[in-house]
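A.B. asks: This is target-v5.cif (mmCIF, C-alpha atoms).
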```cif
data_final
loop_
_atom_site.label_atom_id
_atom_site.label_comp_id
_atom_site.auth_asym_id
_atom_site.auth_seq_id
_atom_site.Cartn_x
_atom_site.Cartn_y
_atom_site.Cartn_z
CA MET O 16 -6.62 -7.08 -14.42
CA THR O 17 -3.54 -7.70 -12.28
CA VAL O 18 -0.22 -6.14 -13.25
CA ILE O 19 2.58 -5.67 -10.73
CA ILE O 20 5.74 -3.79 -11.65
CA GLU O 21 8.89 -4.13 -9.58
CA GLU O 22 9.12 -1.10 -7.31
CA GLY O 23 11.43 1.71 -8.37
CA LEU O 24 11.99 0.43 -11.92
CA THR O 25 10.79 1.87 -15.20
CA PRO O 26 11.47 0.69 -18.76
CA SER O 27 14.13 2.70 -20.55
CA MET O 28 16.37 2.67 -23.57
CA GLU O 29 19.12 1.27 -21.32
CA GLN O 30 17.35 -2.05 -20.75
CA TRP O 31 18.99 -3.69 -23.75
CA GLU O 32 22.36 -2.66 -22.36
CA LEU O 33 21.62 -4.38 -19.04
CA TRP O 34 20.64 -7.57 -20.84
CA ASP O 35 23.62 -7.28 -23.18
CA ARG O 36 25.98 -6.98 -20.22
CA ARG O 37 24.35 -10.00 -18.60
CA TYR O 38 24.79 -12.18 -21.67
CA ARG O 39 28.37 -11.02 -22.18
CA SER O 40 29.26 -11.87 -18.58
CA GLU O 41 27.27 -15.08 -18.16
CA GLY O 42 26.89 -16.48 -21.69
CA ARG O 43 24.29 -19.19 -21.21
CA VAL O 44 22.03 -17.33 -18.80
CA TRP O 45 19.19 -19.84 -19.19
CA ARG O 46 20.09 -23.51 -18.93
CA GLY O 47 18.16 -26.73 -19.29
CA THR O 48 15.48 -27.36 -21.89
CA SER O 49 12.26 -25.53 -22.66
CA ARG O 50 9.03 -27.52 -22.74
CA ILE O 51 6.56 -25.94 -25.08
CA PRO O 52 3.37 -27.14 -26.78
CA VAL O 53 3.59 -28.12 -30.45
CA PRO O 54 0.17 -27.18 -31.85
CA CYS O 55 1.13 -27.10 -35.52
CA SER O 56 4.03 -27.37 -37.95
CA GLY O 57 5.76 -25.00 -40.34
CA ARG O 58 7.64 -21.81 -39.57
CA ALA O 59 8.07 -20.61 -35.97
CA LEU O 60 9.42 -17.45 -34.35
CA ASP O 61 10.77 -17.23 -30.80
CA LEU O 62 10.60 -13.74 -29.27
CA GLY O 63 13.40 -12.74 -26.89
CA CYS O 64 15.31 -15.88 -27.85
CA GLY O 65 18.21 -15.24 -25.44
CA ASN O 66 20.72 -18.07 -25.68
CA GLY O 67 18.29 -20.26 -27.64
CA LYS O 68 16.63 -22.42 -24.98
CA THR O 69 13.15 -22.22 -26.53
CA LEU O 70 14.45 -21.74 -30.05
CA SER O 71 16.29 -25.07 -29.90
CA ALA O 72 13.07 -26.75 -28.71
CA LEU O 73 11.27 -25.36 -31.76
CA ALA O 74 13.98 -26.67 -34.08
CA ASP O 75 13.92 -30.06 -32.34
CA ALA O 76 10.14 -30.18 -32.90
CA GLY O 77 10.71 -29.84 -36.64
CA PHE O 78 9.88 -26.18 -37.14
CA GLU O 79 11.76 -23.91 -39.51
CA ALA O 80 13.00 -21.84 -36.58
CA TYR O 81 13.61 -18.09 -36.32
CA GLY O 82 14.49 -15.99 -33.29
CA VAL O 83 14.90 -12.35 -32.31
CA ASP O 84 16.44 -10.63 -29.31
CA PHE O 85 17.30 -6.97 -28.73
CA SER O 86 20.61 -7.94 -27.11
CA PRO O 87 23.42 -8.32 -29.67
CA ALA O 88 25.36 -10.43 -27.15
CA ALA O 89 22.41 -12.82 -26.76
CA VAL O 90 22.15 -13.16 -30.53
CA GLU O 91 25.87 -13.90 -30.75
CA VAL O 92 25.49 -16.68 -28.18
CA CYS O 93 22.40 -18.04 -29.89
CA ARG O 94 24.02 -18.05 -33.32
CA ARG O 95 27.04 -19.88 -31.94
CA LEU O 96 24.99 -22.53 -30.18
CA LEU O 97 22.45 -22.99 -32.98
CA SER O 98 24.56 -22.47 -36.08
CA GLY O 99 22.79 -24.02 -39.07
CA VAL O 100 19.72 -24.80 -36.95
CA ALA O 101 17.92 -21.46 -36.71
CA SER O 102 17.95 -17.96 -38.16
CA VAL O 103 18.50 -15.31 -35.46
CA GLU O 104 18.33 -11.52 -35.76
CA VAL O 105 18.87 -8.51 -33.49
CA ALA O 106 15.43 -6.91 -33.26
CA ASP O 107 12.93 -5.51 -30.78
CA VAL O 108 9.76 -7.54 -30.21
CA THR O 109 7.75 -4.35 -30.72
CA GLU O 110 9.05 -3.93 -34.28
CA LEU O 111 9.67 -7.26 -35.98
CA PRO O 112 11.62 -7.41 -39.27
CA TYR O 113 9.29 -9.92 -40.94
CA PRO O 114 6.42 -9.66 -43.42
CA ASP O 115 2.76 -10.10 -42.54
CA GLY O 116 1.59 -13.66 -42.01
CA MET O 117 5.05 -15.23 -42.23
CA PHE O 118 4.77 -17.54 -39.20
CA ASP O 119 2.58 -20.46 -38.17
CA TYR O 120 3.70 -20.27 -34.54
CA VAL O 121 5.13 -17.57 -32.27
CA THR O 122 6.51 -18.24 -28.79
CA ALA O 123 6.85 -15.53 -26.13
CA VAL O 124 8.49 -17.30 -23.20
CA HIS O 125 9.33 -14.93 -20.33
CA VAL O 126 9.68 -11.89 -22.56
CA LEU O 127 6.43 -9.95 -22.04
CA GLU O 128 7.46 -9.38 -18.40
CA ASN O 129 10.06 -6.90 -19.64
CA LEU O 130 7.62 -4.60 -21.47
CA ASP O 131 5.66 -1.60 -20.24
CA ASP O 132 2.02 -1.08 -21.28
CA GLY O 133 2.88 0.52 -24.62
CA GLY O 134 5.48 -2.12 -25.41
CA LEU O 135 3.09 -4.91 -24.47
CA GLU O 136 0.39 -3.66 -26.85
CA ALA O 137 2.95 -3.08 -29.60
CA ALA O 138 4.39 -6.59 -29.22
CA ALA O 139 0.91 -8.13 -29.28
CA GLY O 140 0.17 -6.14 -32.45
CA GLU O 141 3.35 -7.41 -34.08
CA ILE O 142 2.53 -10.99 -33.12
CA ARG O 143 -0.90 -10.59 -34.71
CA ARG O 144 0.70 -9.16 -37.82
CA VAL O 145 3.36 -11.80 -38.42
CA LEU O 146 1.11 -14.75 -37.60
CA ALA O 147 -0.67 -16.43 -40.49
CA PRO O 148 -4.45 -16.79 -40.13
CA GLY O 149 -5.05 -19.77 -37.88
CA GLY O 150 -1.51 -19.50 -36.47
CA HIS O 151 -0.76 -20.03 -32.79
CA VAL O 152 0.99 -18.00 -30.10
CA PHE O 153 2.26 -19.45 -26.83
CA VAL O 154 2.87 -17.12 -23.88
CA ARG O 155 4.61 -18.08 -20.65
CA ALA O 156 4.99 -15.38 -17.97
CA PHE O 157 5.58 -15.11 -14.23
CA THR O 158 2.68 -14.29 -11.88
CA PRO O 159 2.71 -11.86 -8.92
CA ASP O 160 3.13 -14.87 -6.60
CA ASP O 161 6.33 -16.09 -8.23
CA MET O 162 9.45 -16.09 -6.06
CA ARG O 163 11.01 -13.52 -8.40
CA SER O 164 8.33 -10.89 -7.74
CA ASP O 165 10.02 -9.59 -4.57
CA GLY O 166 12.63 -7.80 -6.69
CA ARG O 167 15.83 -8.93 -8.36
CA GLY O 168 17.96 -5.87 -7.75
CA ASP O 169 19.68 -6.03 -11.13
CA GLY O 170 18.01 -2.97 -12.65
CA ILE O 171 16.13 -5.01 -15.25
CA TYR O 172 12.45 -4.11 -15.62
CA TYR O 173 9.92 -6.83 -14.75
CA ARG O 174 6.17 -7.03 -14.47
CA PHE O 175 4.00 -9.97 -13.48
CA PHE O 176 0.77 -11.31 -14.96
CA GLU O 177 -2.36 -13.29 -14.27
CA VAL O 178 -4.12 -15.23 -17.04
CA ASP O 179 -6.79 -12.56 -17.57
CA VAL O 180 -4.16 -9.98 -18.56
CA ILE O 181 -2.73 -12.20 -21.30
CA LEU O 182 -6.19 -13.01 -22.63
CA ASP O 183 -7.07 -9.32 -22.71
CA VAL O 184 -3.87 -8.41 -24.57
CA PHE O 185 -4.73 -11.06 -27.19
CA ARG O 186 -8.46 -10.35 -27.23
CA GLY O 187 -10.11 -11.82 -30.30
CA PHE O 188 -7.83 -14.87 -30.34
CA GLU O 189 -9.28 -18.33 -29.71
CA VAL O 190 -8.19 -19.71 -26.33
CA VAL O 191 -6.78 -23.20 -26.88
CA SER O 192 -5.56 -23.45 -23.29
CA ALA O 193 -4.91 -21.02 -20.44
CA CYS O 194 -3.74 -21.92 -16.97
CA ARG O 195 -1.66 -20.93 -14.00
CA GLN O 196 0.99 -23.29 -12.63
CA ASP O 197 2.34 -23.03 -9.08
CA GLU O 198 5.27 -25.26 -8.12
CA PRO O 199 6.77 -25.18 -4.59
CA THR O 200 10.55 -25.36 -4.41
CA ARG O 201 12.68 -27.13 -1.82
CA PHE O 202 13.66 -23.70 -0.49
CA GLY O 203 10.11 -22.86 0.59
CA THR O 204 9.45 -20.51 -2.34
CA VAL O 205 7.05 -20.88 -5.25
CA ARG O 206 7.59 -20.89 -8.98
CA SER O 207 4.40 -19.43 -10.41
CA ARG O 208 3.62 -18.79 -14.05
CA VAL O 209 0.79 -18.45 -16.52
CA GLU O 210 0.78 -20.39 -19.77
CA CYS O 211 -1.57 -19.50 -22.61
CA LEU O 212 -1.84 -21.11 -26.03
CA LEU O 213 -3.94 -18.97 -28.36
CA ARG O 214 -4.99 -19.20 -32.00
CA LYS O 215 -5.33 -16.28 -34.39
CA PRO O 216 -8.73 -16.16 -36.12
CA THR O 217 -8.82 -17.39 -39.71
CA GLU O 218 -11.02 -14.44 -40.64
CA PRO O 219 -10.40 -10.75 -39.83
CA ASP O 220 -11.95 -9.48 -36.58
#
```
Mind turning this structure into structure tokens?
C.D. replies:
Amino acid sequence: MTVIIEEGLTPSMEQWELWDRRYRSEGRVWRGTSRIPVPCSGRALDLGCGNGKTLSALADAGFEAYGVDFSPAAVEVCRRLLSGVASVEVADVTELPYPDGMFDYVTAVHVLENLDDGGLEAAAGEIRRVLAPGGHVFVRAFTPDDMRSDGRGDGIYYRFFEVDVILDVFRGFEVVSACRQDEPTRFGTVRSRVECLLRKPTEPD
């Protein structure tokens, strides 16, 4: 198992404040479009929805789209940009405000990097809980070789993953696909991420 945590940083209750400040100062922190697999249809939940980059992709794919973020400022931005398109709530990914089995699809795009070990297990447990039997989860996360792993200096907590860590966190799920993608940039750095599409068993473990 490979987990690297940015030196000198630990998760704390102030993390949401750092993200909130970032969204209040920058608004649309994440630009462009999010490319995600579409393994099913129905109701989908985007974890750590930010300004709605992945959430809008879910809505465009025809899902009944929901999103959560622990930053009130991010939720404000998301609601403004996606008014009438998606339902967005302020909530922590480790304690989701939805009933068991509500969703057919859950996306966790660059959100697990911000959780410590306890938070990671709690978030995975919540994903299991809110997914319907046979539902899918898609995880995208940075690897230790990504250009961002040398430290960002903004006080926000990050960790970095290899594929085996994600598969272990979601042990018992069917692996639909799991890969690592490395893309060199024109600046001589590398964008490196893992992408895993997993399916919840239709029968209890």
A.B. asks: I'd like the interatomic distance between atom CA of Asp119 of chain O and atom CA of Ala156 of chain O, to a tenth of an Å.
C.D. replies: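 A separation of 21.0 Å between them.
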A.B. asks: Name the residues captured by the PyMOL selection byres ((chain O and resi 58) around 10) when it is applied to the shown file; answer as a short mmCIF file (atom, residue, chain, number, x, y, z; two decimals) with C-alpha atoms, in the frame of the given file.
C.D. replies:
```
data_model
loop_
_atom_site.label_atom_id
_atom_site.label_comp_id
_atom_site.auth_asym_id
_atom_site.auth_seq_id
_atom_site.Cartn_x
_atom_site.Cartn_y
_atom_site.Cartn_z
CA CYS O 55 1.13 -27.10 -35.52
CA SER O 56 4.03 -27.37 -37.95
CA GLY O 57 5.76 -25.00 -40.34
CA ALA O 59 8.07 -20.61 -35.97
CA LEU O 60 9.42 -17.45 -34.35
CA LEU O 73 11.27 -25.36 -31.76
CA ALA O 74 13.98 -26.67 -34.08
CA GLY O 77 10.71 -29.84 -36.64
CA PHE O 78 9.88 -26.18 -37.14
CA GLU O 79 11.76 -23.91 -39.51
CA ALA O 80 13.00 -21.84 -36.58
CA TYR O 81 13.61 -18.09 -36.32
CA MET O 117 5.05 -15.23 -42.23
CA PHE O 118 4.77 -17.54 -39.20
CA ASP O 119 2.58 -20.46 -38.17
CA TYR O 120 3.70 -20.27 -34.54
CA VAL O 121 5.13 -17.57 -32.27
CA LEU O 146 1.11 -14.75 -37.60
CA ALA O 147 -0.67 -16.43 -40.49
CA GLY O 150 -1.51 -19.50 -36.47
#
```
A.B. asks: Quick one: apply the PyMOL selection byres ((chain O and resi 136) around 12) to the file and drop the selected residues here as a PyMOL selection string.
C.D. replies: chain O and resi 108-110+127+130-135+137-143+180-181+183-186
A.B. asks: Can you list what the PyMOL selection byres ((chain O and resi 190) around 9) grabs from this structure, as a PyMOL selection string?
C.D. replies: chain O and resi 182+188-189+191-193+211-214
A.B. asks: Which distance in Å separates atom CA of Arg94 of chain O and atom CA of Val145 of chain O, to one decimal?
C.D. replies: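 Result for atom CA of Arg94 of chain O versus atom CA of Val145 of chain O: 22.2 Å, one decimal.
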A.B. asks: For the atom pair atom CA of Pro112 of chain O and atom CA of Val124 of chain O, what is the interatomic distance in Å to one decimal place?
C.D. replies: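 Pair atom CA of Pro112 of chain O / atom CA of Val124 of chain O returns 19.1 Å.
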A.B. asks: With all atoms listed in the file as the atoms that count, which of O:Val152, O:Leu62, O:Ile51, O:Val205 lies nearest to Val103 of chain O?
C.D. replies: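 For Val103 of chain O, the nearest of the given residues is O:Leu62.
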A.B. asks: Go through O:Cys64, O:Thr122, O:Ser49, O:Phe85 one by one, measure the shortest atom-to-atom distance of each to Leu97 of chain O using only C-alpha atoms, and give the residue with the smallest value.
C.D. replies: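 Closest to Leu97 of chain O, using only C-alpha atoms: O:Cys64.
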A.B. asks: Could you put an axis-aligned box around every listed atom of segment 175-179 of chain O, padded by 3 Å on each side, and send me its centre and edge lengths in Å to one decimal, as AutoDock Vina command-line options?
C.D. replies:
```
--center_x -1.4 --center_y -12.6 --center_z -15.5 --size_x 16.8 --size_y 11.3 --size_z 10.1
```
A.B. asks: Between O:Val92, O:Asp75, O:Phe153, O:Lys68, which is the closest to Pro54 of chain O once you count all atoms listed in the file?
C.D. replies: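 Once distances to Pro54 of chain O are computed over all atoms listed in the file, the minimum belongs to O:Phe153.
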A.B. asks: Select, from O:Val178, O:Asp197, O:Gly203, O:Gly149, the residue with the minimum atom-to-atom distance to Thr217 of chain O, counting all atoms listed in the file.
C.D. replies: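 Of O:Val178, O:Asp197, O:Gly203, O:Gly149, the one nearest Thr217 of chain O, counting all atoms listed in the file, is O:Gly149.
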